[in-house]
>>> print(open('start_38.pdb').read())   # PDB, C-alpha atoms
ATOM      1  CA  ALA A   1       0.000   0.000   0.000
ATOM      2  CA  THR A   2       1.193   3.460  -0.832
ATOM      3  CA  PRO A   3       1.621   5.687   2.242
ATOM      4  CA  ALA A   4      -0.515   8.792   2.414
ATOM      5  CA  PRO A   5       1.261  12.004   1.480
ATOM      6  CA  SER A   6       2.285  14.300   4.386
ATOM      7  CA  ALA A   7       2.368  18.106   4.479
ATOM      8  CA  PHE A   8       5.576  18.070   6.471
ATOM      9  CA  PRO A   9       8.849  16.650   5.232
ATOM     10  CA  PRO A  10      10.120  13.664   7.121
ATOM     11  CA  ALA A  11      12.353  14.438  10.017
ATOM     12  CA  THR A  12      15.969  13.736   9.409
ATOM     13  CA  SER A  13      18.692  13.397  12.000
ATOM     14  CA  ASN A  14      21.777  15.535  11.444
ATOM     15  CA  ASN A  15      24.724  15.633  13.804
ATOM     16  CA  VAL A  16      25.153  19.378  14.666
ATOM     17  CA  HIS A  17      28.311  20.372  16.562
ATOM     18  CA  ARG A  18      28.350  23.878  18.160
ATOM     19  CA  GLY A  19      31.729  25.234  19.221
ATOM     20  CA  ILE A  20      32.032  27.126  22.550
ATOM     21  CA  THR A  21      34.996  29.452  23.034
ATOM     22  CA  ALA A  22      35.880  30.446  26.621
ATOM     23  CA  LEU A  23      37.391  33.933  27.058
ATOM     24  CA  SER A  24      39.369  34.559  30.215
ATOM     25  CA  LEU A  25      39.470  38.304  30.975
ATOM     26  CA  GLY A  26      42.741  39.707  32.101
ATOM     27  CA  LYS A  27      44.822  36.844  30.914
ATOM     28  CA  GLU A  28      45.119  37.297  27.182
ATOM     29  CA  GLY A  29      48.422  38.561  26.002
ATOM     30  CA  ASN A  30      49.718  41.813  27.521
ATOM     31  CA  VAL A  31      46.233  43.326  28.008
ATOM     32  CA  GLU A  32      45.208  43.960  31.605
ATOM     33  CA  PHE A  33      41.568  44.425  32.389
ATOM     34  CA  GLY A  34      41.866  44.835  36.144
ATOM     35  CA  GLY A  35      42.288  48.676  36.166
ATOM     36  CA  ASN A  36      45.138  51.162  36.132
ATOM     37  CA  SER A  37      47.919  50.109  38.453
ATOM     38  CA  TRP A  38      50.089  53.229  37.925
ATOM     39  CA  LYS A  39      51.282  55.005  41.076
ATOM     40  CA  PRO A  40      53.412  58.141  41.537
ATOM     41  CA  ASP A  41      56.937  57.897  42.829
ATOM     42  CA  SER A  42      55.910  59.136  46.237
ATOM     43  CA  GLU A  43      53.188  56.453  46.440
ATOM     44  CA  LYS A  44      50.686  59.187  47.217
ATOM     45  CA  MET A  45      49.396  62.438  45.772
ATOM     46  CA  GLY A  46      51.086  65.555  47.063
ATOM     47  CA  SER A  47      49.704  69.085  47.530
ATOM     48  CA  THR A  48      48.677  70.945  44.392
ATOM     49  CA  ASP A  49      48.765  74.436  46.010
ATOM     50  CA  VAL A  50      50.963  77.004  44.360
ATOM     51  CA  GLY A  51      53.607  78.271  46.734
ATOM     52  CA  ASP A  52      54.240  81.944  47.522
ATOM     53  CA  TYR A  53      56.169  83.796  44.891
ATOM     54  CA  PHE A  54      59.374  85.469  45.938
ATOM     55  CA  PRO A  55      61.680  87.421  43.648
ATOM     56  CA  ASP A  56      65.180  86.146  43.025
ATOM     57  CA  ASP A  57      66.741  88.824  45.222
ATOM     58  CA  TYR A  58      64.328  88.302  48.162
ATOM     59  CA  ASP A  59      66.000  88.332  51.578
ATOM     60  CA  PRO A  60      63.732  87.081  54.408
ATOM     61  CA  ASN A  61      65.986  88.721  57.018
ATOM     62  CA  GLU A  62      65.916  92.169  55.487
ATOM     63  CA  VAL A  63      62.592  93.325  57.042
ATOM     64  CA  GLU A  64      61.762  92.710  60.693
ATOM     65  CA  PHE A  65      58.508  90.918  61.369
ATOM     66  CA  THR A  66      57.415  93.796  63.651
ATOM     67  CA  ALA A  67      57.413  96.315  60.817
ATOM     68  CA  GLY A  68      53.971  97.824  60.272
ATOM     69  CA  MET A  69      52.465  96.412  63.452
ATOM     70  CA  GLY A  70      51.750  99.901  64.733
ATOM     71  CA  GLY A  71      49.496 100.696  61.768
ATOM     72  CA  SER A  72      49.184 104.030  60.050
ATOM     73  CA  GLN A  73      48.869 105.847  63.395
ATOM     74  CA  ALA A  74      52.266 104.717  64.689
ATOM     75  CA  SER A  75      54.137 107.533  63.013
ATOM     76  CA  MET A  76      51.718 110.132  64.383
ATOM     77  CA  SER A  77      52.746 109.353  67.940
ATOM     78  CA  GLY A  78      56.436 109.852  67.257
ATOM     79  CA  GLY A  79      57.324 106.181  66.838
ATOM     80  CA  GLY A  80      58.039 106.309  63.108
ATOM     81  CA  GLU A  81      60.640 107.939  60.945
ATOM     82  CA  ARG A  82      58.261 109.364  58.356
ATOM     83  CA  GLY A  83      56.691 111.908  60.674
ATOM     84  CA  PRO A  84      52.979 112.606  61.269
ATOM     85  CA  ALA A  85      50.405 112.093  58.580
ATOM     86  CA  LEU A  86      49.174 115.683  59.075
ATOM     87  CA  PRO A  87      51.474 118.636  59.746
ATOM     88  CA  GLY A  88      51.115 120.179  63.182
ATOM     89  CA  MET A  89      50.140 116.941  64.908
ATOM     90  CA  GLU A  90      53.590 115.965  66.118
ATOM     91  CA  ASN A  91      52.589 116.326  69.782
ATOM     92  CA  LEU A  92      49.204 114.651  69.538
ATOM     93  CA  GLY A  93      48.634 112.749  72.759
ATOM     94  CA  ALA A  94      51.404 114.555  74.653
ATOM     95  CA  ASP A  95      50.092 117.983  75.586
ATOM     96  CA  SER A  96      47.326 118.535  73.054
ATOM     97  CA  LEU A  97      43.725 119.279  74.030
ATOM     98  CA  VAL A  98      40.987 117.402  72.201
ATOM     99  CA  MET A  99      37.642 119.184  72.063
ATOM    100  CA  GLY A 100      34.320 118.086  70.638
ATOM    101  CA  GLY A 101      31.440 115.750  71.385
ATOM    102  CA  ILE A 102      27.749 116.371  71.903
ATOM    103  CA  GLU A 103      26.827 119.684  73.492
ATOM    104  CA  GLU A 104      23.703 119.886  75.620
ATOM    105  CA  ASN A 105      21.395 122.870  75.517
ATOM    106  CA  SER A 106      21.271 124.704  78.808
ATOM    107  CA  GLU A 107      18.756 127.425  77.962
ATOM    108  CA  ILE A 108      15.250 127.477  76.558
ATOM    109  CA  PRO A 109      14.938 129.164  73.129
ATOM    110  CA  SER A 110      13.128 132.472  73.386
ATOM    111  CA  ASP A 111      10.540 131.554  70.736
ATOM    112  CA  MET A 112       9.588 128.158  72.211
ATOM    113  CA  GLU A 113       6.026 127.705  73.413
ATOM    114  CA  PHE A 114       4.816 125.335  76.124
ATOM    115  CA  VAL A 115       1.276 124.119  75.508
ATOM    116  CA  MET A 116      -0.363 121.577  77.814
ATOM    117  CA  SER A 117      -1.946 118.484  76.246
ATOM    118  CA  SER A 118      -5.672 117.918  76.695
ATOM    119  CA  VAL A 119      -4.836 114.617  78.417
ATOM    120  CA  PRO A 120      -1.676 114.675  80.571
ATOM    121  CA  ASP A 121       0.790 111.797  80.523
ATOM    122  CA  GLY A 122       0.804 111.733  84.326
ATOM    123  CA  GLU A 123      -0.637 113.403  87.413
ATOM    124  CA  VAL A 124       1.274 114.112  90.632
ATOM    125  CA  GLU A 125       0.150 115.484  93.983
ATOM    126  CA  MET A 126       2.251 117.124  96.687
ATOM    127  CA  ASP A 127       1.798 118.898 100.012
ATOM    128  CA  VAL A 128       3.535 122.074 101.153
ATOM    129  CA  ALA A 129       3.362 124.261 104.224
ATOM    130  CA  ALA A 130       2.254 127.764 103.387
ATOM    131  CA  ASN A 131       4.785 129.436 105.723
ATOM    132  CA  SER A 132       7.712 127.251 104.639
ATOM    133  CA  LYS A 133      10.376 127.946 102.042
ATOM    134  CA  GLY A 134       8.628 125.487  99.761
ATOM    135  CA  ALA A 135       8.477 121.789  98.979
ATOM    136  CA  GLU A 136      10.382 119.834  96.386
ATOM    137  CA  LEU A 137       9.327 116.844  94.338
ATOM    138  CA  LEU A 138      11.659 114.585  92.308
ATOM    139  CA  LEU A 139       9.968 113.608  89.072
ATOM    140  CA  GLU A 140      11.425 110.719  87.031
ATOM    141  CA  VAL A 141      10.558 110.939  83.349
ATOM    142  CA  LYS A 142      11.020 107.787  81.303
ATOM    143  CA  PRO A 143      12.507 108.328  77.834
ATOM    144  CA  VAL A 144      10.136 107.712  74.928
ATOM    145  CA  CYS A 145      12.264 108.468  71.859
ATOM    146  CA  MET A 146      14.284 106.024  69.765
ATOM    147  CA  GLY A 147      17.445 108.080  70.185
ATOM    148  CA  PHE A 148      18.957 110.700  72.466
ATOM    149  CA  GLU A 149      16.881 113.882  72.382
ATOM    150  CA  ASP A 150      17.259 117.408  73.710
ATOM    151  CA  TYR A 151      14.452 118.402  76.038
ATOM    152  CA  PHE A 152      13.131 121.706  77.368
ATOM    153  CA  ALA A 153      10.898 121.785  80.468
ATOM    154  CA  ALA A 154       8.693 124.591  81.790
ATOM    155  CA  PHE A 155       5.229 125.263  83.200
ATOM    156  CA  ASP A 156       2.648 126.719  80.849
ATOM    157  CA  LYS A 157       1.083 130.159  81.278
ATOM    158  CA  GLU A 158      -1.985 128.739  83.021
ATOM    159  CA  SER A 159       0.083 127.278  85.886
ATOM    160  CA  HIS A 160       0.300 128.829  89.344
ATOM    161  CA  PRO A 161       3.382 131.049  89.648
ATOM    162  CA  SER A 162       4.613 129.150  92.708
ATOM    163  CA  PHE A 163       5.865 126.260  90.528
ATOM    164  CA  SER A 164       9.320 125.917  89.034
ATOM    165  CA  VAL A 165      11.337 123.071  87.480
ATOM    166  CA  SER A 166      15.053 122.310  87.296
ATOM    167  CA  PRO A 167      16.928 121.638  85.102
ATOM    168  CA  CYS A 168      14.952 123.373  82.425
ATOM    169  CA  ALA A 169      16.974 121.843  79.553
ATOM    170  CA  GLY A 170      19.166 118.834  78.902
ATOM    171  CA  ARG A 171      19.479 115.630  76.932
ATOM    172  CA  MET A 172      17.105 112.727  77.447
ATOM    173  CA  ASP A 173      18.217 109.122  77.091
ATOM    174  CA  ARG A 174      16.780 106.870  74.386
ATOM    175  CA  ARG A 175      13.885 104.500  74.985
ATOM    176  CA  GLY A 176      14.702 101.860  77.578
ATOM    177  CA  GLY A 177      17.534 103.940  79.042
ATOM    178  CA  GLU A 178      17.900 105.836  82.298
ATOM    179  CA  PRO A 179      15.016 108.167  83.248
ATOM    180  CA  THR A 180      15.493 111.913  83.352
ATOM    181  CA  GLU A 181      15.163 113.403  86.839
ATOM    182  CA  LEU A 182      13.444 116.766  87.160
ATOM    183  CA  GLU A 183      13.091 118.647  90.423
ATOM    184  CA  VAL A 184       9.715 120.343  90.766
ATOM    185  CA  LYS A 185       9.441 122.990  93.456
ATOM    186  CA  CYS A 186       6.426 124.784  94.865
ATOM    187  CA  GLU A 187       6.909 128.009  96.897
ATOM    188  CA  PRO A 188       3.511 129.246  98.172
ATOM    189  CA  GLN A 189       5.029 132.314  99.887
ATOM    190  CA  GLY A 190       2.567 132.208 102.785
ATOM    191  CA  LYS A 191      -0.521 131.514 100.668
ATOM    192  CA  ALA A 192      -2.765 128.558 101.402
ATOM    193  CA  GLY A 193      -4.929 126.695  98.938
ATOM    194  CA  THR A 194      -4.726 124.231  96.058
ATOM    195  CA  PHE A 195      -2.342 125.133  93.297
ATOM    196  CA  VAL A 196      -2.206 123.481  89.875
ATOM    197  CA  GLY A 197       0.799 123.453  87.599
ATOM    198  CA  ASN A 198       0.996 122.108  84.041
ATOM    199  CA  LEU A 199       4.522 120.883  83.331
ATOM    200  CA  VAL A 200       5.373 120.584  79.634
ATOM    201  CA  ILE A 201       8.531 118.815  78.428
ATOM    202  CA  ASN A 202       9.184 119.654  74.775
ATOM    203  CA  LEU A 203      11.169 117.296  72.533
ATOM    204  CA  PRO A 204      11.625 119.434  69.413
ATOM    205  CA  GLU A 205      13.791 116.996  67.468
ATOM    206  CA  ASP A 206      11.139 114.285  67.841
ATOM    207  CA  ASN A 207       8.288 116.801  67.414
ATOM    208  CA  SER A 208       6.648 115.526  70.593
ATOM    209  CA  LYS A 209       6.131 116.441  74.235
ATOM    210  CA  ILE A 210       5.473 114.946  77.652
ATOM    211  CA  CYS A 211       3.017 116.626  80.013
ATOM    212  CA  TYR A 212       2.358 116.311  83.748
ATOM    213  CA  LYS A 213      -0.390 117.831  85.856
ATOM    214  CA  ILE A 214       0.947 118.681  89.310
ATOM    215  CA  THR A 215      -1.389 119.601  92.153
ATOM    216  CA  ALA A 216       0.044 121.142  95.320
ATOM    217  CA  THR A 217      -1.961 121.517  98.496
ATOM    218  CA  SER A 218      -0.711 124.407 100.625
ATOM    219  CA  PHE A 219      -1.843 124.378 104.274
TER     220      PHE A 219
END
>>> encode(input="start_38.pdb", output="structure tokens")
Amino acid sequence: ATPAPSAFPPATSNNVHRGITALSLGKEGNVEFGGNSWKPDSEKMGSTDVGDYFPDDYDPNEVEFTAGMGGSQASMSGGGERGPALPGMENLGADSLVMGGIEENSEIPSDMEFVMSSVPDGEVEMDVAANSKGAELLLEVKPVCMGFEDYFAAFDKESHPSFSVSPCAGRMDRRGGEPTELEVKCEPQGKAGTFVGNLVINLPEDNSKICYKITATSF
């Protein structure tokens, strides 16, 4: 009987030999695959900073290490050979007189006005004997300005004439500093009654003022 035809060719057996080549890294010829084994002569890297430059004729012993330690003011005090930086200042620090600084006002300007605020910053009461030479009150005024300010203190025109204040002018500390002490005095000159004084402290540089209402009872 004739075998039935097949759509696939008959399988045949062929002996196939595949060659496998083994490659050993780092061992072929003179090629090294394990990294760079070069090292410097010193076996370690040295500093790469550039050293200070000195001219060929440099002598390290020519200039003393103390030269210039006095600064630019050394010659002004007579310690240098070049003389003072400004003529006429050879004796600075010996017998010279240095003047300057902040000057405080000691008098009230003639055109300054003292106007009481509608609401005073503080009220103070005091007692005084009518037949006495007067009574004194120490008033501590806390500074309110950001910087040092000149002040001028006086009673307004509506105050009783028995009141006075000292000092009338000075410099007030900045905010948080020491308070300014003012001595308020009342001299009734034998008169009894209740006297009212409006103390105004002007701070012209700050464009402000501090006001106190002082009531004195004379008996």
>>> resolve_selection(input="start_38.pdb", expression="the PyMOL selection byres ((chain A and resi 151-156) around 7)", output="PDB file with C-alpha atoms, in the coordinates of the input")
ATOM      1  CA  ILE A 108      15.250 127.477  76.558  1.00  0.00           C
ATOM      2  CA  PHE A 114       4.816 125.335  76.124  1.00  0.00           C
ATOM      3  CA  VAL A 115       1.276 124.119  75.508  1.00  0.00           C
ATOM      4  CA  MET A 116      -0.363 121.577  77.814  1.00  0.00           C
ATOM      5  CA  GLU A 149      16.881 113.882  72.382  1.00  0.00           C
ATOM      6  CA  ASP A 150      17.259 117.408  73.710  1.00  0.00           C
ATOM      7  CA  LYS A 157       1.083 130.159  81.278  1.00  0.00           C
ATOM      8  CA  GLU A 158      -1.985 128.739  83.021  1.00  0.00           C
ATOM      9  CA  SER A 159       0.083 127.278  85.886  1.00  0.00           C
ATOM     10  CA  VAL A 165      11.337 123.071  87.480  1.00  0.00           C
ATOM     11  CA  CYS A 168      14.952 123.373  82.425  1.00  0.00           C
ATOM     12  CA  ALA A 169      16.974 121.843  79.553  1.00  0.00           C
ATOM     13  CA  GLY A 170      19.166 118.834  78.902  1.00  0.00           C
ATOM     14  CA  ARG A 171      19.479 115.630  76.932  1.00  0.00           C
ATOM     15  CA  MET A 172      17.105 112.727  77.447  1.00  0.00           C
ATOM     16  CA  GLY A 197       0.799 123.453  87.599  1.00  0.00           C
ATOM     17  CA  ASN A 198       0.996 122.108  84.041  1.00  0.00           C
ATOM     18  CA  LEU A 199       4.522 120.883  83.331  1.00  0.00           C
ATOM     19  CA  VAL A 200       5.373 120.584  79.634  1.00  0.00           C
ATOM     20  CA  ILE A 201       8.531 118.815  78.428  1.00  0.00           C
ATOM     21  CA  ASN A 202       9.184 119.654  74.775  1.00  0.00           C
ATOM     22  CA  LEU A 203      11.169 117.296  72.533  1.00  0.00           C
TER      23      LEU A 203
END
>>> atom_distance(input="start_38.pdb", atom1="CA of Asn131 in chain A", atom2="CA of Lys213 in chain A")
23.6 Å
>>> closest_residue(input="start_38.pdb", among="A:Asp57, A:Glu187, A:Gly122, A:Asp111", to="His160 in chain A", atoms="all atoms listed in the file")
A:Glu187
>>> closest_residue(input="start_38.pdb", among="A:Cys145, A:Glu205, A:Val128, A:Pro167", to="Pro188 in chain A", atoms="all atoms listed in the file")
A:Val128
>>> residues_near_point(input="start_38.pdb", point="(3.9, 114.0, 88.6)", cutoff="12 Å", atoms="only C-alpha atoms", output="ChimeraX atom specification")
/A:120-126,136-142,165,181-185,196-200,210-216
>>> atom_distance(input="start_38.pdb", atom1="CA of Gly134 in chain A", atom2="CA of Gln189 in chain A")
7.7 Å
>>> atom_distance(input="start_38.pdb", atom1="CA of Thr217 in chain A", atom2="CA of Ser162 in chain A")
11.6 Å
>>> resolve_selection(input="start_38.pdb", expression="the PyMOL selection byres ((chain A and resi 219) around 9)", output="PyMOL selection string")
chain A and resi 127-131+191-194+217-218
